$ cat my_file-v7.cif   # mmCIF, C-alpha atoms
data_final
#
loop_
_atom_site.label_atom_id
_atom_site.label_comp_id
_atom_site.auth_asym_id
_atom_site.auth_seq_id
_atom_site.Cartn_x
_atom_site.Cartn_y
_atom_site.Cartn_z
CA MET A 1 118.30 50.36 19.95
CA ILE A 2 115.37 50.53 22.35
CA ASP A 3 112.21 51.80 20.67
CA ALA A 4 109.98 53.21 23.41
CA ARG A 5 107.93 55.48 21.14
CA GLY A 6 104.23 55.48 21.97
CA LEU A 7 104.86 54.19 25.48
CA VAL A 8 104.12 56.29 28.53
CA CYS A 9 106.11 56.42 31.74
CA PRO A 10 107.28 54.38 33.48
CA MET A 11 107.57 51.92 30.55
CA PRO A 12 110.41 53.69 28.66
CA VAL A 13 112.56 53.89 31.82
CA ALA A 14 111.70 50.29 32.70
CA MET A 15 112.92 49.16 29.25
CA VAL A 16 116.20 51.04 29.68
CA GLN A 17 116.61 49.67 33.21
CA LYS A 18 116.05 46.12 31.96
CA GLU A 19 118.74 46.52 29.27
CA VAL A 20 121.21 48.15 31.67
CA LYS A 21 120.74 45.46 34.32
CA ALA A 22 120.87 42.57 31.85
CA ASN A 23 123.81 43.60 29.68
CA ALA A 24 125.51 46.61 31.33
CA PRO A 25 126.15 48.08 27.85
CA LYS A 26 128.72 50.84 27.29
CA GLU A 27 126.33 52.57 24.90
CA VAL A 28 122.56 52.47 24.46
CA GLU A 29 120.34 54.32 22.01
CA VAL A 30 116.72 54.96 22.94
CA MET A 31 113.94 56.43 20.81
CA VAL A 32 111.02 58.09 22.61
CA ASP A 33 108.31 60.55 21.58
CA ASP A 34 107.47 62.02 24.94
CA GLN A 35 109.29 64.85 26.75
CA CYS A 36 108.44 63.30 30.11
CA ALA A 37 110.20 60.06 29.06
CA VAL A 38 113.27 62.09 28.02
CA GLU A 39 113.47 63.62 31.49
CA ASN A 40 112.90 60.34 33.32
CA ILE A 41 115.38 58.31 31.24
CA THR A 42 117.99 61.08 31.56
CA ARG A 43 117.59 61.08 35.33
CA TYR A 44 117.76 57.29 35.58
CA ALA A 45 120.74 56.97 33.22
CA THR A 46 122.68 59.76 34.92
CA ASN A 47 122.19 58.05 38.27
CA ALA A 48 123.38 54.80 36.67
CA GLY A 49 126.62 56.49 35.55
CA TYR A 50 125.82 57.27 31.90
CA ALA A 51 126.36 60.52 30.04
CA VAL A 52 123.19 61.33 28.11
CA SER A 53 122.81 63.31 24.89
CA VAL A 54 119.42 64.10 23.36
CA ASP A 55 118.72 64.78 19.66
CA LYS A 56 115.29 65.84 18.47
CA GLU A 57 114.21 64.08 15.28
CA GLY A 58 110.88 65.49 14.14
CA THR A 59 108.45 64.72 16.95
CA ASP A 60 110.75 61.98 18.33
CA TYR A 61 113.80 62.13 20.57
CA ARG A 62 116.93 60.01 20.19
CA LEU A 63 118.75 59.55 23.50
CA THR A 64 122.33 58.30 23.45
CA LEU A 65 123.55 56.88 26.74
CA LYS A 66 127.33 56.42 27.03
CA LYS A 67 129.53 55.15 29.83
CA MET B 68 118.50 67.74 37.73
CA LYS B 69 118.13 69.74 40.91
CA LYS B 70 116.10 72.34 39.05
CA VAL B 71 113.50 69.73 38.05
CA ASN B 72 113.25 68.48 41.62
CA TRP B 73 112.62 71.99 42.89
CA ILE B 74 109.83 72.44 40.36
CA VAL B 75 108.12 69.39 41.86
CA VAL B 76 108.61 70.67 45.40
CA ILE B 77 107.30 74.13 44.47
CA ALA B 78 104.35 72.62 42.58
CA GLY B 79 103.57 70.34 45.53
CA ALA B 80 103.83 73.23 47.99
CA LEU B 81 101.53 75.38 45.85
CA VAL B 82 99.01 72.54 45.50
CA GLY B 83 99.04 72.24 49.30
CA LEU B 84 98.66 76.00 49.67
CA ALA B 85 95.83 76.02 47.11
CA ALA B 86 94.09 73.23 49.04
CA VAL B 87 94.30 75.17 52.32
CA LEU B 88 93.18 78.37 50.60
CA LEU B 89 90.24 76.73 48.79
CA THR B 90 89.07 75.18 52.05
CA ALA B 91 89.30 78.57 53.78
CA LEU B 92 87.31 80.07 50.90
CA GLY B 93 84.50 77.54 51.30
CA ASN B 94 85.38 74.09 49.92
CA PRO B 95 84.52 71.15 52.22
CA ALA B 96 86.99 70.44 55.03
CA ASN B 97 90.06 68.43 54.02
CA MET B 98 88.74 68.70 50.44
CA GLY B 99 90.57 71.71 49.04
CA PHE B 100 91.33 69.54 46.05
CA CYS B 101 89.92 66.08 45.38
CA ILE B 102 89.79 64.84 41.82
CA ALA B 103 87.49 61.90 42.60
CA CYS B 104 85.07 64.01 44.67
CA PHE B 105 85.00 66.85 42.17
CA LEU B 106 84.44 64.59 39.13
CA ARG B 107 81.64 62.96 41.13
CA ASP B 108 80.15 66.39 41.86
CA ILE B 109 80.28 67.28 38.16
CA ALA B 110 78.64 63.94 37.30
CA GLY B 111 75.89 64.81 39.79
CA ALA B 112 75.49 68.36 38.45
CA CYS B 113 74.98 66.86 34.98
CA SER B 114 72.30 64.49 36.38
CA LEU B 115 74.43 61.41 35.70
CA HIS B 116 73.61 60.40 39.27
CA GLY B 117 70.93 61.53 41.70
CA ALA B 118 72.80 61.89 44.99
CA ALA B 119 71.48 65.30 46.03
CA LYS B 120 74.37 66.07 48.39
CA VAL B 121 77.14 65.81 45.81
CA GLN B 122 76.12 67.92 42.83
CA TYR B 123 78.14 70.97 41.74
CA VAL B 124 80.10 72.01 38.66
CA ARG B 125 83.54 72.17 40.24
CA PRO B 126 85.64 74.82 38.49
CA GLU B 127 88.76 73.18 39.91
CA ILE B 128 88.47 70.33 37.36
CA ILE B 129 87.90 72.78 34.50
CA GLY B 130 90.89 74.86 35.61
CA LEU B 131 93.26 71.90 35.99
CA VAL B 132 92.55 70.64 32.46
CA LEU B 133 92.69 74.09 30.85
CA GLY B 134 95.79 75.09 32.84
CA SER B 135 97.58 71.98 31.60
CA PHE B 136 96.32 72.55 28.04
CA ILE B 137 97.55 76.17 27.93
CA MET B 138 100.93 75.31 29.46
CA ALA B 139 101.40 72.36 27.07
CA LEU B 140 100.64 74.66 24.11
CA VAL B 141 103.03 77.34 25.38
CA LYS B 142 105.83 74.83 25.94
CA GLY B 143 105.24 73.00 22.65
CA GLU B 144 104.37 69.77 24.47
CA PHE B 145 100.79 69.46 23.25
CA ARG B 146 100.51 66.27 21.19
CA ALA B 147 97.36 64.46 20.22
CA LYS B 148 97.96 60.78 20.83
CA GLY B 149 96.02 57.74 21.95
CA GLY B 150 94.87 54.27 21.02
CA SER B 151 96.55 52.39 23.88
CA SER B 152 93.80 49.99 25.02
CA PRO B 153 91.13 52.71 25.42
CA ALA B 154 88.26 50.42 26.48
CA THR B 155 90.42 48.80 29.16
CA ARG B 156 91.41 52.27 30.38
CA PHE B 157 87.75 53.35 30.54
CA VAL B 158 86.87 50.45 32.84
CA LEU B 159 90.06 50.86 34.89
CA GLY B 160 89.14 54.54 35.34
CA ALA B 161 85.67 53.55 36.51
CA PHE B 162 87.04 51.08 39.07
CA VAL B 163 89.68 53.53 40.28
CA MET B 164 86.81 55.94 40.94
CA ILE B 165 84.78 53.28 42.76
CA GLY B 166 87.79 52.47 44.96
CA ALA B 167 88.40 56.16 45.66
CA LEU B 168 84.76 56.79 46.54
CA ALA B 169 84.75 53.82 48.93
CA PHE B 170 87.49 55.64 50.86
CA LEU B 171 85.96 59.06 50.04
CA GLY B 172 88.90 60.60 48.27
CA CYS B 173 91.45 60.34 45.49
CA PRO B 174 95.17 60.00 46.32
CA LEU B 175 95.46 63.80 46.44
CA ARG B 176 92.69 64.09 49.02
CA MET B 177 94.29 61.20 50.92
CA VAL B 178 97.43 63.34 51.34
CA ILE B 179 95.30 66.39 52.23
CA ARG B 180 93.37 64.33 54.80
CA LEU B 181 96.67 63.15 56.28
CA GLY B 182 97.72 66.79 56.60
CA GLY B 183 94.51 67.42 58.55
CA GLY B 184 95.38 64.66 61.02
CA ASP B 185 92.85 62.14 59.66
CA LEU B 186 94.38 58.76 60.54
CA ASN B 187 91.86 56.92 58.33
CA ALA B 188 93.95 58.31 55.48
CA LEU B 189 97.01 56.60 56.97
CA VAL B 190 95.19 53.26 56.66
CA ALA B 191 94.33 54.23 53.09
CA LEU B 192 97.97 55.12 52.40
CA ILE B 193 99.00 51.62 53.47
CA GLY B 194 96.48 50.12 51.04
CA PHE B 195 97.52 52.57 48.31
CA THR B 196 101.19 51.63 48.76
CA ILE B 197 100.39 47.90 48.67
CA GLY B 198 98.37 48.44 45.47
CA ILE B 199 101.25 50.32 43.86
CA PHE B 200 103.68 47.59 44.96
CA ILE B 201 101.55 44.91 43.31
CA GLY B 202 101.21 46.99 40.12
CA VAL B 203 104.97 47.58 40.05
CA GLN B 204 105.61 43.81 40.12
CA PHE B 205 103.68 43.50 36.86
CA MET B 206 105.38 46.59 35.40
CA LYS B 207 108.83 45.15 36.18
CA ARG B 208 107.88 42.00 34.29
CA GLY B 209 106.81 43.86 31.18
CA PHE B 210 103.13 44.76 31.70
CA SER B 211 101.93 47.19 29.05
CA LEU B 212 98.63 48.50 27.71
CA ARG B 213 100.50 48.76 24.36
CA ARG B 214 101.71 51.75 22.40
CA ASN B 215 99.78 54.89 21.61
CA TYR B 216 99.77 56.57 18.20
CA THR B 217 99.75 60.11 16.88
CA LEU B 218 96.19 61.24 16.23
CA GLY B 219 94.46 64.26 14.72
CA VAL B 220 94.49 67.47 16.77
CA THR B 221 90.72 67.22 17.31
CA GLU B 222 91.15 64.00 19.29
CA GLY B 223 93.68 65.63 21.61
CA THR B 224 91.55 68.68 22.31
CA ILE B 225 88.35 66.83 23.26
CA LEU B 226 88.61 67.24 27.04
CA PRO B 227 89.89 70.85 27.03
CA VAL B 228 87.08 71.82 24.61
CA LEU B 229 84.47 69.96 26.69
CA MET B 230 85.73 71.73 29.81
CA LEU B 231 85.59 75.09 28.07
CA GLY B 232 82.02 74.29 26.96
CA LEU B 233 81.11 73.29 30.51
CA LEU B 234 82.56 76.57 31.78
CA ILE B 235 80.57 78.63 29.29
CA LEU B 236 77.35 76.73 30.01
CA VAL B 237 77.61 76.89 33.79
CA VAL B 238 78.23 80.64 33.64
CA ALA B 239 75.66 81.41 30.94
CA VAL B 240 72.89 78.88 31.71
CA PRO B 241 73.38 77.59 35.27
CA SER B 242 69.78 76.33 35.34
CA LEU B 243 70.91 73.42 33.14
CA PHE B 244 72.71 71.92 36.11
CA LYS B 245 71.83 70.59 39.55
CA PHE B 246 73.38 72.18 42.61
CA SER B 247 73.36 70.64 46.08
CA GLU B 248 71.55 72.54 48.80
CA ALA B 249 73.16 70.53 51.60
CA GLY B 250 76.18 68.29 52.05
CA PRO B 251 79.66 68.53 50.48
CA GLY B 252 78.28 69.70 47.13
CA SER B 253 76.81 72.81 48.76
CA LYS B 254 80.21 73.89 50.07
CA PHE B 255 82.41 75.63 47.58
CA ALA B 256 84.92 78.43 47.16
CA PRO B 257 83.91 81.40 44.98
CA PHE B 258 83.70 80.12 41.40
CA PHE B 259 86.26 82.32 39.66
CA ALA B 260 88.72 82.24 42.56
CA ALA B 261 88.67 78.41 42.42
CA LEU B 262 88.97 78.50 38.62
CA GLY B 263 91.95 80.84 38.76
CA ILE B 264 93.75 78.82 41.42
CA ALA B 265 93.14 75.59 39.49
CA LEU B 266 94.47 77.12 36.25
CA VAL B 267 97.76 77.89 38.01
CA VAL B 268 97.88 74.47 39.67
CA GLY B 269 97.09 72.74 36.35
CA ALA B 270 99.90 74.60 34.61
CA LEU B 271 102.36 73.78 37.40
CA ALA B 272 101.30 70.14 37.52
CA GLN B 273 101.93 69.94 33.77
CA ARG B 274 105.45 71.32 34.12
CA SER B 275 106.36 69.28 37.20
CA ARG B 276 104.66 65.96 36.13
CA LEU B 277 103.22 65.88 39.67
CA CYS B 278 101.63 62.48 40.35
CA MET B 279 100.59 60.89 43.62
CA VAL B 280 101.15 57.36 42.26
CA GLY B 281 104.35 58.17 40.38
CA GLY B 282 106.29 59.13 43.51
CA ILE B 283 105.89 55.81 45.25
CA ARG B 284 106.04 53.81 41.98
CA ASP B 285 109.30 55.40 40.76
CA GLY B 286 110.81 55.01 44.22
CA MET B 287 110.03 51.28 44.14
CA MET B 288 111.05 50.72 40.51
CA PHE B 289 114.07 52.96 40.04
CA GLY B 290 115.02 54.38 43.43
CA ASP B 291 113.89 57.72 41.93
CA PHE B 292 112.14 59.86 44.54
CA LYS B 293 111.66 63.04 42.48
CA LEU B 294 107.86 62.86 42.37
CA LEU B 295 107.68 61.82 46.00
CA TYR B 296 109.06 65.26 46.95
CA GLY B 297 105.84 66.76 45.56
CA PHE B 298 103.75 64.34 47.60
CA VAL B 299 105.67 65.27 50.77
CA ALA B 300 105.50 69.01 49.98
CA ILE B 301 101.69 68.86 49.69
CA PHE B 302 101.47 67.06 53.02
CA ALA B 303 103.85 69.47 54.77
CA VAL B 304 102.10 72.63 53.57
CA VAL B 305 98.61 71.31 54.34
CA LEU B 306 99.80 70.20 57.79
CA VAL B 307 101.29 73.62 58.58
CA GLY B 308 98.22 75.37 57.14
CA ASN B 309 95.88 73.30 59.30
CA LEU B 310 98.01 73.88 62.39
CA ILE B 311 97.98 77.65 61.79
CA THR B 312 94.24 77.82 61.08
CA GLY B 313 93.40 75.48 63.98
CA HIS B 314 91.89 72.77 61.76
CA PHE B 315 94.37 70.02 62.65
CA ASN B 316 92.54 67.18 64.41
CA LEU B 317 94.60 64.02 64.96
CA GLY B 318 92.60 60.79 65.19
CA PHE B 319 90.18 58.43 63.47
CA ALA B 320 86.88 59.81 64.75
CA GLY B 321 85.21 63.12 63.99
CA GLN B 322 86.99 63.62 60.66
CA PRO B 323 85.24 65.60 57.94
CA VAL B 324 83.68 63.60 55.06
CA ALA B 325 85.32 60.37 56.25
CA HIS B 326 84.57 57.02 57.88
CA SER B 327 86.62 54.47 59.84
CA ASP B 328 85.75 51.31 57.91
CA HIS B 329 89.43 50.37 57.95
CA VAL B 330 89.41 47.20 55.84
CA TRP B 331 87.51 48.94 53.04
CA ASN B 332 89.51 52.17 53.26
CA LEU B 333 92.58 50.00 52.78
CA LEU B 334 91.15 47.84 49.99
CA GLY B 335 89.52 50.81 48.23
CA MET B 336 92.85 52.61 47.99
CA LEU B 337 94.67 49.37 47.13
CA LEU B 338 92.40 49.25 44.08
CA VAL B 339 93.20 52.91 43.32
CA GLY B 340 96.96 52.38 43.67
CA TRP B 341 97.08 49.24 41.55
CA GLY B 342 94.71 50.55 38.89
CA SER B 343 96.54 53.87 38.67
CA VAL B 344 99.91 52.17 38.17
CA LEU B 345 98.42 50.27 35.21
CA LEU B 346 96.99 53.55 33.86
CA GLY B 347 100.33 55.34 34.22
CA GLY B 348 99.24 57.92 36.77
CA CYS B 349 96.84 59.05 39.48
CA PRO B 350 93.50 60.78 38.72
CA LEU B 351 95.16 64.24 38.90
CA ARG B 352 97.80 63.12 36.40
CA GLN B 353 95.10 61.76 34.06
CA LEU B 354 93.47 65.22 33.96
CA ILE B 355 96.83 66.85 33.23
CA LEU B 356 97.74 64.32 30.50
CA ALA B 357 94.31 64.78 28.91
CA GLY B 358 95.06 68.52 28.80
CA GLU B 359 98.32 67.73 26.98
CA GLY B 360 96.42 65.92 24.22
CA ASN B 361 96.52 62.34 25.49
CA SER B 362 93.15 60.89 24.48
CA ASP B 363 93.83 57.68 26.44
CA SER B 364 93.73 59.84 29.56
CA THR B 365 90.59 61.56 28.27
CA VAL B 366 88.93 58.14 27.98
CA THR B 367 90.15 57.36 31.52
CA VAL B 368 88.56 60.58 32.80
CA PHE B 369 85.30 59.61 31.08
CA GLY B 370 85.60 56.23 32.80
CA MET B 371 86.08 57.95 36.16
CA ILE B 372 82.97 60.08 35.59
CA ALA B 373 81.00 56.93 34.66
CA GLY B 374 82.43 55.20 37.74
CA ALA B 375 81.22 58.07 39.93
CA ALA B 376 77.75 57.82 38.43
CA PHE B 377 77.71 54.04 39.01
CA ALA B 378 79.00 54.53 42.56
CA HIS B 379 76.04 56.72 43.49
CA ASN B 380 73.34 55.13 41.31
CA PHE B 381 74.06 51.69 42.78
CA GLY B 382 74.91 52.68 46.35
CA LEU B 383 78.60 51.74 46.12
CA ALA B 384 80.17 54.88 47.59
CA GLY B 385 81.35 55.11 51.17
CA VAL B 386 79.06 56.90 53.60
CA ALA B 387 80.68 59.56 55.77
CA ALA B 388 80.38 59.16 59.54
CA SER B 389 78.01 61.55 61.27
CA ALA B 390 76.88 62.24 64.82
CA ASP B 391 74.16 59.55 64.42
CA ALA B 392 75.93 56.88 62.36
CA ALA B 393 79.38 55.37 62.00
CA GLY B 394 79.23 55.45 58.20
CA GLY B 395 81.34 53.05 56.15
CA VAL B 396 81.26 51.21 52.87
CA PRO B 397 77.91 49.52 52.08
CA THR B 398 77.82 45.84 51.08
CA ALA B 399 77.30 46.70 47.41
CA GLY B 400 80.37 48.95 47.55
CA ARG B 401 82.46 46.19 49.12
CA ILE B 402 81.42 43.78 46.39
CA ALA B 403 82.26 46.40 43.75
CA VAL B 404 85.73 46.96 45.25
CA VAL B 405 86.40 43.19 45.19
CA ILE B 406 85.19 42.98 41.58
CA GLY B 407 87.48 45.93 40.79
CA ILE B 408 90.47 44.15 42.33
CA VAL B 409 89.67 41.01 40.33
CA PHE B 410 89.41 43.17 37.19
CA VAL B 411 92.80 44.87 37.70
CA LEU B 412 94.34 41.45 38.39
CA ALA B 413 92.88 40.13 35.12
CA VAL B 414 94.08 43.20 33.19
CA SER B 415 97.53 42.83 34.78
CA LEU B 416 97.83 39.14 33.87
CA LEU B 417 96.37 39.43 30.37
CA ASN B 418 98.64 42.29 29.32
CA MET B 419 101.96 40.67 30.16
CA PRO B 420 104.38 40.03 27.28
CA LYS B 421 103.98 36.70 25.54
CA LYS B 422 106.92 34.37 26.10
CA ALA B 423 108.15 34.89 22.54
CA ASP B 424 108.30 38.68 23.12
CA ALA B 425 109.93 38.58 26.53
#
$ encode --input "my_file-v7.cif" --output "structure tokens"
Amino acid sequence: MIDARGLVCPMPVAMVQKEVKANAPKEVEVMVDDQCAVENITRYATNAGYAVSVDKEGTDYRLTLKK
Amino acid sequence: MKKVNWIVVIAGALVGLAAVLLTALGNPANMGFCIACFLRDIAGACSLHGAAKVQYVRPEIIGLVLGSFIMALVKGEFRAKGGSSPATRFVLGAFVMIGALAFLGCPLRMVIRLGGGDLNALVALIGFTIGIFIGVQFMKRGFSLRRNYTLGVTEGTILPVLMLGLLILVVAVPSLFKFSEAGPGSKFAPFFAALGIALVVGALAQRSRLCMVGGIRDGMMFGDFKLLYGFVAIFAVVLVGNLITGHFNLGFAGQPVAHSDHVWNLLGMLLVGWGSVLLGGCPLRQLILAGEGNSDSTVTVFGMIAGAAFAHNFGLAGVAASADAAGGVPTAGRIAVVIGIVFVLAVSLLNMPKKADA
């Protein structure tokens, strides 16, 4: 799981990009605490061919990226 | 996805329209909106510097912060957070301001100047893009000013409350402040019209995440051009507005509140681009984030105000060309820009992940 809580854009997307480029995983979980990061990761992951689901957990968001 | 992109385009178009409108209502030419100039004017109005030509309590800044604050509250996105290298951010904010005032404009005014046909802004755009490119290289390799943390609500409301206080004071006791009698500070749109327009723009910028740095940065890092649409929309609307109103003047010479010191226009905005990438957004975005409760951005705004005061107290700011003089960036300003570039390089290098973390 990528923990990008407390990081502002573009860092959360950069962390996801690094993981996707390095390992091309079929599934990735990302934790963020910023709505802007949710939007940016969703856009990046969708463009990279992932289906994205978002679950709100308190003030955090859990994004599940699946290919 | 398309919906989000249209929000950015609409926000950009409205910012452009607001800039044209504010200029028509009395703001300085090609300065409908300029975060650097307006923070500098507020610094002057509060006697933080003594440059008599740039002193005015700009309601645009108040409106942007409060518009963002209200929209963030309405949308449930207000969150008090901070603690991500605040002292570093303060100094970065100050140097971003010094770079912007060498060129005589923040990234937003750079786009507005481009829309007015000012080719000096094209030179600045080249420097700005180079600065962002350098910053992105560090970002790609793991640069970070570290995580922020959830803080008490008070911490997140500091800038909105200060702006509200400033608004009340300037309306109730204007004699507390200094107001320019000549120069850019003496040119302004009617106070409440500017405040109202800025409230709307602040709210829209909060929703759309509009950022002059983000567009180029995300394009370089992720091939994501969403924010760049906003940048282009501002340019297009300002260009059309200037063509309709007869204010379009293509060239380097005779541009309002500008100079043609090309090397220092380029390096000043290189500093702004690089510094803003490290900060996570342009000066406009910092105001909007501060309105959302981000106290790191509040500290950055304080740094920008301090930078503006330094720029004018120590003769660092660019001097606009006039009929008698070519203007340009004074030697002290050139030295300050170089020191700023060295500082952002040091911050970039010293905040890379350690080998064990990479």
$ resolve_selection --input "my_file-v7.cif" --expression "the PyMOL selection byres ((chain A and resi 26-31) around 9)" --output "ChimeraX atom specification"
/A:1-5,12,16,19-20,24-25,32-33,50,60-67
$ atom_distance --input "my_file-v7.cif" --atom1 "CA of Gly400 (chain B)" --atom2 "CA of Ala161 (chain B)"
13.1 Å
$ interface_residues --input "my_file-v7.cif" --of "chain B" --to "chain A" --cutoff "8 Å" --atoms "only C-alpha atoms" --output "VMD selection string"
chain B and resid 68 144 206 to 207 211 213 to 216 276 285 288 to 289 291 347
$ atom_distance --input "my_file-v7.cif" --atom1 "CA of Val414 (chain B)" --atom2 "CA of Phe381 (chain B)"
23.8 Å
$ residues_around --input "my_file-v7.cif" --residues "Pro241 (chain B)" --least-positions-apart "5" --cutoff "12 Å" --atoms "all atoms listed in the file" --output "PyMOL selection string"
chain B and resi 112-113+123-124+233-236+246
$ atom_distance --input "my_file-v7.cif" --atom1 "CA of Tyr296 (chain B)" --atom2 "CA of Gly407 (chain B)"
29.6 Å
$ residues_near_point --input "my_file-v7.cif" --point "(94.9, 63.9, 13.3)" --cutoff "12 Å" --atoms "all atoms listed in the file" --output "list in words"
Arg146, Ala147, Lys148, Gly149, Tyr216, Thr217, Leu218, Gly219, Val220, Thr221, Glu222, Gly223, Thr224, Gly360 and Ser362 of chain B
$ residues_around --input "my_file-v7.cif" --residues "Leu345 (chain B)" --least-positions-apart "5" --cutoff "9 Å" --atoms "all atoms listed in the file" --output "VMD selection string"
chain B and resid 156 159 202 to 203 205 to 206 210 to 212 340 411 414 to 415
$ resolve_selection --input "my_file-v7.cif" --expression "the PyMOL selection byres ((chain B and resi 355) around 12)" --output "VMD selection string"
chain B and resid 102 128 to 139 144 to 145 226 to 227 265 to 266 268 to 278 348 to 354 356 to 365 367 to 368
$ closest_residue --input "my_file-v7.cif" --among "B:Ile201, B:Val240, B:Ala260, B:Leu383" --to "Ile408 (chain B)" --atoms "all atoms listed in the file"
B:Ile201
$ resolve_selection --input "my_file-v7.cif" --expression "the PyMOL selection byres ((chain B and resi 164) around 7)" --output "list in words"
Ala103, Gly160, Ala161, Phe162, Val163, Ile165, Gly166, Ala167, Leu168, Met371, Gly374 and Ala375 of chain B
$ closest_residue --input "my_file-v7.cif" --among "B:Ala373, B:Ile406, B:Phe298, B:Phe170" --to "Ala387 (chain B)" --atoms "only C-alpha atoms"
B:Phe170
$ closest_residue --input "my_file-v7.cif" --among "B:Ser327, B:Lys293, B:Phe369, B:Arg208" --to "Met419 (chain B)" --atoms "all atoms listed in the file"
B:Arg208
$ closest_residue --input "my_file-v7.cif" --among "B:Arg284, B:Arg180, B:Lys254, B:Lys422" --to "Leu317 (chain B)" --atoms "only C-alpha atoms"
B:Arg180
$ decode --input "my_file-v7.cif" --residues "region 351-365 of chain B" --atoms "N, CA, C and O atoms" --output "PDB file, in the first residue's frame"
ATOM      1  N   LEU B 351      -1.004  32.294  -6.586  1.00  0.00           N
ATOM      2  CA  LEU B 351      -2.474  32.230  -6.525  1.00  0.00           C
ATOM      3  C   LEU B 351      -2.922  30.982  -5.765  1.00  0.00           C
ATOM      4  O   LEU B 351      -3.764  31.036  -4.875  1.00  0.00           O
ATOM      5  N   ARG B 352      -2.329  29.848  -6.111  1.00  0.00           N
ATOM      6  CA  ARG B 352      -2.688  28.576  -5.478  1.00  0.00           C
ATOM      7  C   ARG B 352      -2.393  28.596  -3.972  1.00  0.00           C
ATOM      8  O   ARG B 352      -3.121  27.999  -3.179  1.00  0.00           O
ATOM      9  N   GLN B 353      -1.313  29.278  -3.590  1.00  0.00           N
ATOM     10  CA  GLN B 353      -0.973  29.363  -2.156  1.00  0.00           C
ATOM     11  C   GLN B 353      -2.083  30.105  -1.401  1.00  0.00           C
ATOM     12  O   GLN B 353      -2.451  29.711  -0.289  1.00  0.00           O
ATOM     13  N   LEU B 354      -2.615  31.175  -2.003  1.00  0.00           N
ATOM     14  CA  LEU B 354      -3.716  31.909  -1.360  1.00  0.00           C
ATOM     15  C   LEU B 354      -4.944  31.012  -1.208  1.00  0.00           C
ATOM     16  O   LEU B 354      -5.612  31.017  -0.168  1.00  0.00           O
ATOM     17  N   ILE B 355      -5.218  30.246  -2.267  1.00  0.00           N
ATOM     18  CA  ILE B 355      -6.409  29.381  -2.258  1.00  0.00           C
ATOM     19  C   ILE B 355      -6.244  28.264  -1.227  1.00  0.00           C
ATOM     20  O   ILE B 355      -7.157  27.968  -0.457  1.00  0.00           O
ATOM     21  N   LEU B 356      -5.062  27.644  -1.183  1.00  0.00           N
ATOM     22  CA  LEU B 356      -4.806  26.571  -0.214  1.00  0.00           C
ATOM     23  C   LEU B 356      -4.876  27.108   1.215  1.00  0.00           C
ATOM     24  O   LEU B 356      -5.377  26.432   2.114  1.00  0.00           O
ATOM     25  N   ALA B 357      -4.361  28.328   1.419  1.00  0.00           N
ATOM     26  CA  ALA B 357      -4.427  28.929   2.754  1.00  0.00           C
ATOM     27  C   ALA B 357      -5.888  29.119   3.165  1.00  0.00           C
ATOM     28  O   ALA B 357      -6.242  28.916   4.329  1.00  0.00           O
ATOM     29  N   GLY B 358      -6.743  29.448   2.199  1.00  0.00           N
ATOM     30  CA  GLY B 358      -8.173  29.588   2.473  1.00  0.00           C
ATOM     31  C   GLY B 358      -8.820  28.259   2.825  1.00  0.00           C
ATOM     32  O   GLY B 358      -9.809  28.207   3.552  1.00  0.00           O
ATOM     33  N   GLU B 359      -8.242  27.154   2.332  1.00  0.00           N
ATOM     34  CA  GLU B 359      -8.775  25.819   2.621  1.00  0.00           C
ATOM     35  C   GLU B 359      -8.295  25.287   3.957  1.00  0.00           C
ATOM     36  O   GLU B 359      -8.639  24.174   4.330  1.00  0.00           O
ATOM     37  N   GLY B 360      -7.433  26.033   4.651  1.00  0.00           N
ATOM     38  CA  GLY B 360      -6.962  25.599   5.963  1.00  0.00           C
ATOM     39  C   GLY B 360      -5.521  25.128   5.996  1.00  0.00           C
ATOM     40  O   GLY B 360      -5.043  24.652   7.031  1.00  0.00           O
ATOM     41  N   ASN B 361      -4.812  25.239   4.872  1.00  0.00           N
ATOM     42  CA  ASN B 361      -3.426  24.773   4.833  1.00  0.00           C
ATOM     43  C   ASN B 361      -2.498  25.848   5.412  1.00  0.00           C
ATOM     44  O   ASN B 361      -2.234  26.871   4.782  1.00  0.00           O
ATOM     45  N   SER B 362      -2.006  25.603   6.617  1.00  0.00           N
ATOM     46  CA  SER B 362      -1.197  26.641   7.275  1.00  0.00           C
ATOM     47  C   SER B 362       0.214  26.702   6.686  1.00  0.00           C
ATOM     48  O   SER B 362       0.903  27.707   6.853  1.00  0.00           O
ATOM     49  N   ASP B 363       0.654  25.658   5.983  1.00  0.00           N
ATOM     50  CA  ASP B 363       1.931  25.755   5.256  1.00  0.00           C
ATOM     51  C   ASP B 363       1.832  26.830   4.173  1.00  0.00           C
ATOM     52  O   ASP B 363       2.786  27.585   3.938  1.00  0.00           O
ATOM     53  N   SER B 364       0.679  26.889   3.520  1.00  0.00           N
ATOM     54  CA  SER B 364       0.479  27.924   2.503  1.00  0.00           C
ATOM     55  C   SER B 364       0.334  29.294   3.151  1.00  0.00           C
ATOM     56  O   SER B 364       0.766  30.294   2.582  1.00  0.00           O
ATOM     57  N   THR B 365      -0.273  29.335   4.335  1.00  0.00           N
ATOM     58  CA  THR B 365      -0.365  30.609   5.058  1.00  0.00           C
ATOM     59  C   THR B 365       1.038  31.145   5.350  1.00  0.00           C
ATOM     60  O   THR B 365       1.324  32.322   5.134  1.00  0.00           O
TER      61      THR B 365
END
